[in-house]
Every structure is written in C-alpha cells, then in structure tokens.
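The data block below is final_24.pdb; it holds PDB, C-alpha atoms.
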```pdb
ATOM      1  CA  MET A1000      -9.564   6.837 -23.663
ATOM      2  CA  LYS A1001      -7.751   7.542 -26.892
ATOM      3  CA  ASN A1002      -7.861   4.840 -29.579
ATOM      4  CA  LEU A1003      -9.717   2.224 -27.526
ATOM      5  CA  LEU A1004     -11.731   1.385 -30.630
ATOM      6  CA  GLY A1005      -8.451   0.618 -32.407
ATOM      7  CA  TRP A1006      -7.506  -1.771 -29.625
ATOM      8  CA  ALA A1007     -10.987  -3.299 -29.705
ATOM      9  CA  THR A1008     -10.626  -3.958 -33.429
ATOM     10  CA  PHE A1009      -7.204  -5.518 -32.866
ATOM     11  CA  TYR A1010      -8.568  -7.885 -30.205
ATOM     12  CA  TYR A1011     -11.664  -8.652 -32.263
ATOM     13  CA  LYS A1012      -9.484  -9.792 -35.171
ATOM     14  CA  MET A1013      -7.773 -12.140 -32.706
ATOM     15  CA  GLY A1014     -11.151 -13.815 -32.240
ATOM     16  CA  PHE A1015     -12.079 -12.226 -28.916
ATOM     17  CA  ASN A1016     -15.606 -11.101 -28.073
ATOM     18  CA  ILE A1017     -15.128  -7.549 -26.831
ATOM     19  CA  THR A1018     -16.576  -5.534 -23.961
ATOM     20  CA  HIS A1019     -16.180  -1.871 -23.123
ATOM     21  CA  ILE A1020     -16.007  -0.270 -19.684
ATOM     22  CA  VAL A1021     -17.597   3.084 -18.871
ATOM     23  CA  PRO A1022     -17.415   3.642 -15.092
ATOM     24  CA  SER A1023     -20.603   4.956 -13.524
ATOM     25  CA  LYS A1024     -20.622   6.763 -10.186
ATOM     26  CA  ASN A1025     -24.197   5.541  -9.743
ATOM     27  CA  ASP A1026     -23.060   1.920  -9.812
ATOM     28  CA  PRO A1027     -22.680   0.602  -6.240
ATOM     29  CA  SER A1028     -20.241  -2.074  -7.418
ATOM     30  CA  LYS A1029     -16.617  -1.622  -6.388
ATOM     31  CA  TYR A1030     -15.551  -2.998  -9.756
ATOM     32  CA  ILE A1031     -16.717  -0.137 -11.970
ATOM     33  CA  TYR A1032     -13.316   0.012 -13.718
ATOM     34  CA  LYS A1033     -13.460  -3.723 -14.483
ATOM     35  CA  ALA A1034     -17.116  -4.523 -15.119
ATOM     36  CA  PRO A1035     -18.299  -4.454 -18.738
ATOM     37  CA  THR A1036     -20.868  -1.815 -19.645
ATOM     38  CA  ASN A1037     -22.384  -3.870 -22.453
ATOM     39  CA  ASN A1038     -24.211  -7.078 -21.530
ATOM     40  CA  ARG A1039     -21.548  -9.744 -21.962
ATOM     41  CA  GLN A1040     -24.181 -12.498 -21.618
ATOM     42  CA  ILE A1041     -25.458 -11.599 -25.071
ATOM     43  CA  ILE A1042     -22.064 -12.393 -26.611
ATOM     44  CA  THR A1043     -21.011 -15.295 -24.393
ATOM     45  CA  TYR A1044     -22.471 -18.031 -26.577
ATOM     46  CA  ARG A1045     -22.274 -16.499 -30.039
ATOM     47  CA  ARG A1046     -19.719 -14.644 -32.133
ATOM     48  CA  GLN A1047     -20.031 -10.909 -31.686
ATOM     49  CA  LYS A1048     -20.704  -8.898 -34.849
ATOM     50  CA  ILE A1049     -18.062  -6.289 -35.619
ATOM     51  CA  GLN A1050     -20.710  -3.602 -36.158
ATOM     52  CA  GLU A1051     -22.064  -4.413 -32.712
ATOM     53  CA  MET A1052     -18.629  -4.001 -31.131
ATOM     54  CA  ARG A1053     -17.972  -0.727 -32.966
ATOM     55  CA  SER A1054     -21.296   0.703 -31.779
ATOM     56  CA  TYR A1055     -20.233   0.796 -28.116
ATOM     57  CA  ASP A1056     -19.561   4.099 -26.349
ATOM     58  CA  TRP A1057     -15.805   4.104 -26.927
ATOM     59  CA  ASP A1058     -15.527   7.884 -26.573
ATOM     60  CA  ASN A1059     -16.376   7.674 -22.869
ATOM     61  CA  ALA A1060     -14.807   4.298 -22.119
ATOM     62  CA  THR A1061     -11.843   3.907 -19.771
ATOM     63  CA  GLY A1062     -11.349   0.252 -20.455
ATOM     64  CA  ILE A1063     -11.767  -2.739 -22.686
ATOM     65  CA  GLY A1064     -12.280  -6.401 -21.901
ATOM     66  CA  MET A1065     -13.070  -9.801 -23.322
ATOM     67  CA  VAL A1066     -15.433 -12.687 -22.694
ATOM     68  CA  LEU A1067     -13.432 -15.617 -21.357
ATOM     69  CA  GLY A1068     -14.164 -19.170 -22.454
ATOM     70  CA  ARG A1069     -14.972 -18.515 -26.105
ATOM     71  CA  ASN A1070     -12.610 -20.331 -28.487
ATOM     72  CA  SER A1071     -11.012 -21.816 -25.345
ATOM     73  CA  ILE A1072      -9.343 -18.454 -24.541
ATOM     74  CA  ARG A1073      -8.824 -18.294 -20.773
ATOM     75  CA  ALA A1074      -6.522 -16.674 -18.240
ATOM     76  CA  ILE A1075      -4.345 -17.304 -15.215
ATOM     77  CA  ASP A1076      -4.705 -14.519 -12.637
ATOM     78  CA  VAL A1077      -1.811 -14.063 -10.191
ATOM     79  CA  ASP A1078      -2.310 -11.342  -7.609
ATOM     80  CA  HIS A1079      -1.477 -10.006  -4.155
ATOM     81  CA  LEU A1080      -3.594 -10.120  -1.019
ATOM     82  CA  SER A1081      -6.345  -7.522  -1.432
ATOM     83  CA  LYS A1082      -5.751  -5.949   1.965
ATOM     84  CA  LEU A1083      -2.089  -5.336   1.074
ATOM     85  CA  LYS A1084      -2.391  -4.073  -2.490
ATOM     86  CA  LYS A1085      -4.835  -1.391  -1.340
ATOM     87  CA  ASP A1086      -2.443  -0.095   1.311
ATOM     88  CA  PRO A1087       0.330   2.083  -0.236
ATOM     89  CA  ARG A1088       2.400   1.679   2.942
ATOM     90  CA  LYS A1089       2.760  -2.063   2.403
ATOM     91  CA  LYS A1090       5.555  -3.461   0.273
ATOM     92  CA  LEU A1091       4.386  -5.922  -2.351
ATOM     93  CA  SER A1092       6.385  -8.994  -3.312
ATOM     94  CA  ASN A1093       7.831  -9.254  -6.808
ATOM     95  CA  LEU A1094       5.590 -11.903  -8.398
ATOM     96  CA  LYS A1095       7.478 -11.990 -11.693
ATOM     97  CA  PRO A1096       9.434 -15.188 -10.793
ATOM     98  CA  ILE A1097       6.102 -16.993 -10.334
ATOM     99  CA  ILE A1098       5.123 -15.939 -13.849
ATOM    100  CA  GLU A1099       8.462 -17.092 -15.240
ATOM    101  CA  ASP A1100       8.140 -20.471 -13.515
ATOM    102  CA  PHE A1101       4.617 -20.925 -14.849
ATOM    103  CA  LEU A1102       5.606 -20.138 -18.444
ATOM    104  CA  PHE A1103       8.476 -22.613 -18.217
ATOM    105  CA  SER A1104       6.269 -25.321 -16.702
ATOM    106  CA  VAL A1105       3.743 -25.140 -19.550
ATOM    107  CA  ASN A1106       6.359 -24.845 -22.309
ATOM    108  CA  LEU A1107       5.610 -21.244 -23.225
ATOM    109  CA  PRO A1108       8.475 -18.910 -24.206
ATOM    110  CA  SER A1109       9.921 -16.678 -21.496
ATOM    111  CA  ASP A1110       8.965 -13.637 -23.601
ATOM    112  CA  TYR A1111       5.406 -14.851 -24.212
ATOM    113  CA  GLN A1112       3.544 -11.784 -25.391
ATOM    114  CA  TRP A1113       0.170 -12.431 -23.757
ATOM    115  CA  VAL A1114       1.351 -11.608 -20.224
ATOM    116  CA  VAL A1115      -0.321  -8.556 -18.710
ATOM    117  CA  GLN A1116       0.673  -6.642 -15.595
ATOM    118  CA  THR A1117      -2.329  -5.184 -13.798
ATOM    119  CA  PRO A1118      -2.404  -1.781 -12.052
ATOM    120  CA  SER A1119      -2.076  -3.587  -8.696
ATOM    121  CA  LYS A1120       1.184  -5.265  -9.851
ATOM    122  CA  GLY A1121      -0.511  -8.598 -10.328
ATOM    123  CA  TYR A1122      -0.481 -10.516 -13.623
ATOM    124  CA  HIS A1123      -2.814 -12.063 -16.169
ATOM    125  CA  ILE A1124      -1.498 -14.781 -18.471
ATOM    126  CA  ILE A1125      -3.853 -15.242 -21.406
ATOM    127  CA  ILE A1126      -3.773 -18.767 -22.796
ATOM    128  CA  LYS A1127      -5.734 -21.150 -24.994
ATOM    129  CA  THR A1128      -6.727 -24.389 -23.305
ATOM    130  CA  GLN A1129      -9.637 -26.761 -22.828
ATOM    131  CA  ASP A1130     -12.085 -26.700 -19.950
ATOM    132  CA  LEU A1131     -11.083 -27.901 -16.505
ATOM    133  CA  PRO A1132     -11.077 -31.690 -16.006
ATOM    134  CA  PHE A1133     -12.950 -31.287 -12.716
ATOM    135  CA  LYS A1134     -16.122 -29.586 -11.544
ATOM    136  CA  THR A1135     -16.158 -26.152  -9.964
ATOM    137  CA  GLU A1136     -18.756 -24.441  -7.803
ATOM    138  CA  ILE A1137     -21.257 -21.938  -9.143
ATOM    139  CA  CYS A1138     -20.232 -18.320  -8.644
ATOM    140  CA  PRO A1139     -22.513 -16.854  -5.938
ATOM    141  CA  LEU A1140     -22.375 -13.433  -7.619
ATOM    142  CA  SER A1141     -23.659 -14.741 -10.939
ATOM    143  CA  ILE A1142     -27.368 -14.593 -11.657
ATOM    144  CA  TYR A1143     -26.734 -16.818 -14.680
ATOM    145  CA  GLY A1144     -25.358 -19.840 -12.827
ATOM    146  CA  GLU A1145     -21.845 -19.398 -14.166
ATOM    147  CA  LYS A1146     -18.890 -21.326 -12.821
ATOM    148  CA  LYS A1147     -16.774 -19.861 -10.052
ATOM    149  CA  THR A1148     -13.110 -19.053 -10.561
ATOM    150  CA  LYS A1149     -10.867 -21.775  -9.163
ATOM    151  CA  ALA A1150      -8.248 -20.311  -6.820
ATOM    152  CA  PHE A1151      -5.058 -21.848  -5.451
ATOM    153  CA  LYS A1152      -2.632 -20.762  -2.745
ATOM    154  CA  LEU A1153       1.120 -21.243  -2.549
ATOM    155  CA  ASP A1154       2.670 -23.827  -0.272
ATOM    156  CA  LYS A1155       4.116 -22.566   3.016
ATOM    157  CA  GLU A1156       7.679 -22.359   1.714
ATOM    158  CA  ASN A1157       6.759 -20.173  -1.257
ATOM    159  CA  GLN A1158       4.307 -18.078   0.751
ATOM    160  CA  LYS A1159       7.238 -17.067   2.956
ATOM    161  CA  LYS A1160       9.160 -16.191  -0.182
ATOM    162  CA  TYR A1161       6.273 -14.063  -1.505
ATOM    163  CA  PRO A1162       4.513 -12.777   1.636
ATOM    164  CA  SER A1163       2.066 -10.530  -0.208
ATOM    165  CA  PHE A1164       0.904 -13.306  -2.569
ATOM    166  CA  GLY A1165      -2.865 -13.658  -2.560
ATOM    167  CA  HIS A1166      -4.128 -16.077  -5.165
ATOM    168  CA  PHE A1167      -3.443 -18.063  -8.311
ATOM    169  CA  ASP A1168      -6.799 -18.118 -10.094
ATOM    170  CA  LEU A1169      -7.945 -20.178 -13.041
ATOM    171  CA  ARG A1170     -10.111 -17.693 -14.932
ATOM    172  CA  TRP A1171     -11.815 -20.107 -17.292
ATOM    173  CA  ASP A1172     -15.050 -18.163 -17.787
ATOM    174  CA  LEU A1173     -16.680 -14.778 -17.162
ATOM    175  CA  HIS A1174     -14.685 -11.620 -18.057
ATOM    176  CA  LEU A1175     -11.159 -10.210 -18.189
ATOM    177  CA  THR A1176      -9.932  -6.600 -18.430
ATOM    178  CA  LEU A1177      -7.347  -5.959 -21.155
ATOM    179  CA  PRO A1178      -4.658  -3.343 -21.903
ATOM    180  CA  PRO A1179      -4.659  -0.391 -22.138
ATOM    181  CA  SER A1180      -7.519  -0.129 -19.615
ATOM    182  CA  ILE A1181      -6.993   2.055 -16.567
ATOM    183  CA  ASN A1182      -8.101   1.866 -12.935
ATOM    184  CA  LYS A1183      -9.473   4.691 -10.802
ATOM    185  CA  GLU A1184      -5.918   5.938 -10.098
ATOM    186  CA  ASN A1185      -5.329   6.170 -13.863
ATOM    187  CA  LYS A1186      -2.833   3.290 -13.793
ATOM    188  CA  LYS A1187      -2.793   1.055 -16.859
ATOM    189  CA  TYR A1188      -2.916  -2.628 -17.663
ATOM    190  CA  ILE A1189       0.187  -3.264 -19.778
ATOM    191  CA  PHE A1190       1.767  -6.066 -21.809
ATOM    192  CA  ILE A1191       5.108  -6.756 -20.131
ATOM    193  CA  ASN A1192       6.757  -8.269 -23.223
ATOM    194  CA  GLY A1193       5.574  -5.738 -25.763
ATOM    195  CA  THR A1194       2.276  -5.498 -27.598
ATOM    196  CA  PRO A1195       1.423  -8.759 -29.383
ATOM    197  CA  GLN A1196       2.043  -8.361 -33.101
ATOM    198  CA  ASN A1197      -0.692 -10.528 -34.551
ATOM    199  CA  GLU A1198       0.646 -13.322 -32.370
ATOM    200  CA  LYS A1199      -2.019 -15.882 -31.570
ATOM    201  CA  VAL A1200      -2.766 -16.982 -28.025
ATOM    202  CA  TYR A1201      -1.204 -20.373 -27.200
TER     203      TYR A1201
END
```
For the structure just supplied, provide its representation as structure tokens.
Amino acid sequence: MKNLLGWATFYYKMGFNITHIVPSKNDPSKYIYKAPTNNRQIITYRRQKIQEMRSYDWDNATGIGMVLGRNSIRAIDVDHLSKLKKDPRKKLSNLKPIIEDFLFSVNLPSDYQWVVQTPSKGYHIIIKTQDLPFKTEICPLSIYGEKKTKAFKLDKENQKKYPSFGHFDLRWDLHLTLPPSINKENKKYIFINGTPQNEKVY
C-alpha cells in the first residue's frame, strides 16, 4: 500500500511500537488482514528501534498496526455482532451515538481525533490510561499467557436501540490495526475526525 512507511513513521514519532501486515494465503488464520507479520512479542516490552521498523516489508504490506499497552496506550473497541456484519443483507445499527456518549462520559472532545472507523463500521477509540483495576482471564489464543480482552454488552434497553451491537471491548493489551490499513474487500480503516495532526493520545 502506498506510503505505509510514511504512516509508520508518523505513528512511531507518537511513541507507538509499530507492526506491519502482509497477508499470506498460506496462513490458516482468518485474521490475515489484522495479524502482524513481524513478531510483536519482540517489541512488547522494549522500545522499538526506528531502523527496525523501517526494515519491514512495507512494499507488500496492506496494513499497519501497533502494540497496545506500551506507554499506557490502549483502545476501546465497539463493534457489531460478527454474524451480522458478515452478511451484506443485514442492516447494521448506527453505532456513532455510542461513541459520542463515551467521549462525553470520559471528558474527551466530541471531535477527538483518535477515533477510527473500521471496515465493518465498528469503531476503535485510542486512549491513554492505566491498567485495569481488576483481574482479567488469560487469552486462550495466546501462547505467551497474555491477558484476554474484557468485553461488555449493552443493557436490554440499549440493545433494542442498537440491535446489531455486538461488543464493547477493553483492548488493554495485544495488538490493534491502524489507518489506512485495508481488509480483504479493500475497505479502509479511517479516522472519522480527520487525521491527527501531531495530537497526542489522551
């Protein structure tokens, strides 16, 4: 993808540890457009060197990501039910009001620049915050004993209001895909309030 190295440099200067995504048809995982190609474990507990980041195969990459948890950078993941977002015949709820309510509740501006819409019309809100004040289970898919994402559902009243709503995840660790990555349908991750202009994560 054109200029992914430029984006990687931009994110790196923000303090992120960067991953690149090169989908492989030989990979049995269904997440080949999300999973990092470089070993993110190597850069989970130390600052990535810029030469290391620049050495990745950016010419063949379709996406870019970051290691969550470093420098307390984390994410809120708001998405639809998987069975609905994969069916083009199903109408998806507009989840934007949930994002607006969340920003208001945590005293972030309504035009907060670190809000990303995913190709499936879900959202990632990238924030800076401390670790969770309670324990979480170990992710069964992790061979490194990493913590599992903590997911929440809406109450019955709001679930009726947003029938396609799937989960509200606290993505405190592991990995997150960033704009302008694409999915297998060539749809992009995008910043909904414009590209951050050297604006730090709050």
Checklist entry - For the file shown, what are the residues hit by the PyMOL selection byres ((chain A and resi 1064) around 7), laid out as a PyMOL selection string? => result chain A and resi 1017-1019+1062-1063+1065+1174-1177
Checklist entry - Which residue gives the smallest distance to Ser1071 (chain A) among A:Lys1090, A:Lys1033, A:Lys1127, A:Arg1170, with all atoms listed in the file counted? => result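 Once distances to Ser1071 (chain A) are computed over all atoms listed in the file, the minimum belongs to A:Lys1127.
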Item to check | Straight-line distance linking CA of Lys1183 (chain A) with CA of Ala1007 (chain A), stated in Å to one decimal | outcome: 20.6 Å
Next on the checklist: Report as a list in words all protein, DNA and RNA residues lying within 12 Å of region 1154-1160 of chain A, evaluated on all atoms listed in the file, omitting residues in the same chain fewer than 2 positions from it.
Outcome noted: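 Result of the neighbour search: His1079, Leu1080, Leu1091, Ser1092, Asn1093, Leu1094, Pro1096, Ile1097, Phe1151, Lys1152, Pro1162, Ser1163, Phe1164, Gly1165, His1166 and Phe1167 of chain A.
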So that I have them on file, write out the residues from the current selection with C-alpha atoms, as a compact mmCIF listing (two decimals), in the coordinates of the input.
```
# COMPACT_ATOMS: atom_id res chain seq x y z
CA HIS A 1079 -1.48 -10.01 -4.16
CA LEU A 1080 -3.59 -10.12 -1.02
CA LEU A 1091 4.39 -5.92 -2.35
CA SER A 1092 6.38 -8.99 -3.31
CA ASN A 1093 7.83 -9.25 -6.81
CA LEU A 1094 5.59 -11.90 -8.40
CA PRO A 1096 9.43 -15.19 -10.79
CA ILE A 1097 6.10 -16.99 -10.33
CA PHE A 1151 -5.06 -21.85 -5.45
CA LYS A 1152 -2.63 -20.76 -2.74
CA PRO A 1162 4.51 -12.78 1.64
CA SER A 1163 2.07 -10.53 -0.21
CA PHE A 1164 0.90 -13.31 -2.57
CA GLY A 1165 -2.86 -13.66 -2.56
CA HIS A 1166 -4.13 -16.08 -5.16
CA PHE A 1167 -3.44 -18.06 -8.31
```
Item to check | Separation of CA of Met1052 (chain A) from CA of Asp1078 (chain A) in Å | outcome: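 Those two atoms sit 29.6 Å apart.
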Next on the checklist: I'd like the neighbourhood of Trp1171 (chain A) as a VMD selection string, where a residue qualifies if any of its atoms comes within 8 Å (using all atoms listed in the file), though same-chain residues fewer than 6 positions away should be ignored.
Outcome noted: chain A and resid 1067 to 1068 1072 to 1074 1130 to 1131 1148
Item to check | Residue neighbourhood region 1103-1118 of chain A, 8 Å, only C-alpha atoms, exclusion window fewer than 2 positions, as a PyMOL selection string | outcome: chain A and resi 1099-1101+1120-1126+1177-1178+1181-1182+1186-1195+1198+1200-1201
For the residues in that selection, give me C-alpha atoms as a PDB file, in the coordinates of the input.
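Writing the result to again.pdb gives the following:
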```pdb
ATOM      1  CA  GLU A1099       8.462 -17.092 -15.240  1.00  0.00           C
ATOM      2  CA  ASP A1100       8.140 -20.471 -13.515  1.00  0.00           C
ATOM      3  CA  PHE A1101       4.617 -20.925 -14.849  1.00  0.00           C
ATOM      4  CA  LYS A1120       1.184  -5.265  -9.851  1.00  0.00           C
ATOM      5  CA  GLY A1121      -0.511  -8.598 -10.328  1.00  0.00           C
ATOM      6  CA  TYR A1122      -0.481 -10.516 -13.623  1.00  0.00           C
ATOM      7  CA  HIS A1123      -2.814 -12.063 -16.169  1.00  0.00           C
ATOM      8  CA  ILE A1124      -1.498 -14.781 -18.471  1.00  0.00           C
ATOM      9  CA  ILE A1125      -3.853 -15.242 -21.406  1.00  0.00           C
ATOM     10  CA  ILE A1126      -3.773 -18.767 -22.796  1.00  0.00           C
ATOM     11  CA  LEU A1177      -7.347  -5.959 -21.155  1.00  0.00           C
ATOM     12  CA  PRO A1178      -4.658  -3.343 -21.903  1.00  0.00           C
ATOM     13  CA  ILE A1181      -6.993   2.055 -16.567  1.00  0.00           C
ATOM     14  CA  ASN A1182      -8.101   1.866 -12.935  1.00  0.00           C
ATOM     15  CA  LYS A1186      -2.833   3.290 -13.793  1.00  0.00           C
ATOM     16  CA  LYS A1187      -2.793   1.055 -16.859  1.00  0.00           C
ATOM     17  CA  TYR A1188      -2.916  -2.628 -17.663  1.00  0.00           C
ATOM     18  CA  ILE A1189       0.187  -3.264 -19.778  1.00  0.00           C
ATOM     19  CA  PHE A1190       1.767  -6.066 -21.809  1.00  0.00           C
ATOM     20  CA  ILE A1191       5.108  -6.756 -20.131  1.00  0.00           C
ATOM     21  CA  ASN A1192       6.757  -8.269 -23.223  1.00  0.00           C
ATOM     22  CA  GLY A1193       5.574  -5.738 -25.763  1.00  0.00           C
ATOM     23  CA  THR A1194       2.276  -5.498 -27.598  1.00  0.00           C
ATOM     24  CA  PRO A1195       1.423  -8.759 -29.383  1.00  0.00           C
ATOM     25  CA  GLU A1198       0.646 -13.322 -32.370  1.00  0.00           C
ATOM     26  CA  VAL A1200      -2.766 -16.982 -28.025  1.00  0.00           C
ATOM     27  CA  TYR A1201      -1.204 -20.373 -27.200  1.00  0.00           C
TER      28      TYR A1201
END
```
Checklist entry - Which distance in Å separates CA of Lys1048 (chain A) and CA of Gly1014 (chain A), to one decimal? => result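 If I compute the distance from CA of Lys1048 (chain A) to CA of Gly1014 (chain A), I get 11.1 Å.
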Checklist entry - From the set A:Lys1082, A:Lys1089, A:Arg1069, A:Lys1095, which residue has the shortest atom-to-atom contact distance to Gln1040 (chain A), counting all atoms listed in the file? => result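 Of the candidates, the smallest distance to Gln1040 (chain A) is held by A:Arg1069.
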